[in-house]
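**Q** Dropping a structure here in structure tokens format, bear with me for questions.
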Amino acid sequence: MPEPEPEPTESRLMPERELAVKSAIAVATGGLGTAPGIAIFDDLLDETHQQRVFAFLRGGGWRFGWRSNTKTDQYVFWHKHFAGYASPSEALYDCADELQKRAPALYQLWSALEKTLLNGHVLHRCYANGLPFGCEGTIHTDSNSTLDHTSIYYPGVEWHPNWGGETVFFNREETDIVAAVYPKPNRFLMFPATTPHIARGVSRLCPQLRITLMFKTRLKAA
């Protein structure tokens, strides 16, 4: 993995006066359903804020050793935790205030999402994963509760079809693919956390770390 760049300061990332999401996510009406419960929203941020979020994520704080399934997986990848529970055995809690303290830039993004695409959701976890060539994930689900959702933001500014790295969804029996989502830069993906999925590894041709930013949320009780 390349030597991390210095982490940007808050003032360089997203001053409070700036709105992170383009027109409060004007693209919210453009979601494309690829399978039941799966929605895609492209061009989430304007170019300036996309680059700022990407620069922040490429900064320090990465740790090597994360697994999709801690009990069975042999191979590991890079991980950066920002807020919320660190393992499934820990109790859930609203971690928005924690995110504000630890990663103000990502909190501003969350605040915009909370008012639009993720209206009615409570944030329980926020983190980033990084996959270089040779690191693999495995098929897994993020929760057993139908109230839980996972959102993935692909912050990179460049990607190529030959680089791989798709997010692939399977049926409940994990016997067939039901959807595959290309890690297109500035794309936002939402899906039920009960859906089996996997982050495919990047190809030998890929010169970059495949970085994804995750928001784990639960719908508020009616």
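Chain lettering (A, B, ...) mirrors the order of the structure tokens, residue numbering begins at 1 for each chain separately, and ligand numbering begins at 1 in order of display.
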Using only C-alpha atoms, which residues of range 65-184 of chain A come within 12 Å of range 41-49 of chain A, and what is the closest atom pair for each, with the distance in Å to one decimal? Give it as JSON lines, sorted by chain and residue number.
**A**
```
{"residue": "A:Ala105", "atom": "CA", "partner": "A:His49", "partner_atom": "CA", "distance": 9.4}
{"residue": "A:Leu106", "atom": "CA", "partner": "A:His49", "partner_atom": "CA", "distance": 10.7}
{"residue": "A:Gln108", "atom": "CA", "partner": "A:His49", "partner_atom": "CA", "distance": 10.7}
{"residue": "A:Leu109", "atom": "CA", "partner": "A:Leu45", "partner_atom": "CA", "distance": 9.2}
{"residue": "A:Ala112", "atom": "CA", "partner": "A:Leu45", "partner_atom": "CA", "distance": 10.7}
{"residue": "A:Leu113", "atom": "CA", "partner": "A:Leu44", "partner_atom": "CA", "distance": 10.0}
{"residue": "A:Thr116", "atom": "CA", "partner": "A:Leu44", "partner_atom": "CA", "distance": 11.6}
{"residue": "A:Leu117", "atom": "CA", "partner": "A:Phe41", "partner_atom": "CA", "distance": 9.4}
{"residue": "A:Ser151", "atom": "CA", "partner": "A:Phe41", "partner_atom": "CA", "distance": 10.8}
{"residue": "A:Ile152", "atom": "CA", "partner": "A:Phe41", "partner_atom": "CA", "distance": 10.5}
{"residue": "A:Tyr153", "atom": "CA", "partner": "A:Leu44", "partner_atom": "CA", "distance": 8.6}
{"residue": "A:Tyr154", "atom": "CA", "partner": "A:Leu44", "partner_atom": "CA", "distance": 9.7}
{"residue": "A:Pro155", "atom": "CA", "partner": "A:Leu45", "partner_atom": "CA", "distance": 9.3}
{"residue": "A:Gly156", "atom": "CA", "partner": "A:Glu47", "partner_atom": "CA", "distance": 10.9}
{"residue": "A:Val157", "atom": "CA", "partner": "A:Glu47", "partner_atom": "CA", "distance": 8.9}
{"residue": "A:Val181", "atom": "CA", "partner": "A:Phe41", "partner_atom": "CA", "distance": 11.3}
{"residue": "A:Tyr182", "atom": "CA", "partner": "A:Asp42", "partner_atom": "CA", "distance": 11.2}
{"residue": "A:Pro183", "atom": "CA", "partner": "A:Asp42", "partner_atom": "CA", "distance": 10.6}
{"residue": "A:Lys184", "atom": "CA", "partner": "A:Asp42", "partner_atom": "CA", "distance": 8.1}
```
**Q** Find the residues near Arg63 in chain A: any atom within 8 Å, counting only C-alpha atoms, skip ones fewer than 4 places away on the same chain, and give them as a PDB file with C-alpha atoms, in the first residue's frame.
**A**
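Result written to selection39.pdb:
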```pdb
ATOM      1  CA  TRP A  78      -7.407  -2.523   5.087  1.00  0.00           C
ATOM      2  CA  HIS A  79      -9.967  -0.892   7.368  1.00  0.00           C
ATOM      3  CA  LYS A  80     -10.587   2.517   8.967  1.00  0.00           C
TER       4      LYS A  80
END
```
**Q** Please report, as an MDAnalysis selection string, each residue of range 49-137 of chain A to which DSSP assigns strand (DSSP E) when run on this structure's backbone.
**A** chainID A and resid 63:66 77:84 121:131
**Q** Leaving out Gly164 in chain A and any residue of its chain fewer than 2 positions from it, which residues lie within 8 Å of it when counting only C-alpha atoms, given as a ChimeraX atom specification?
**A** /A:160-162,166,200-203,206
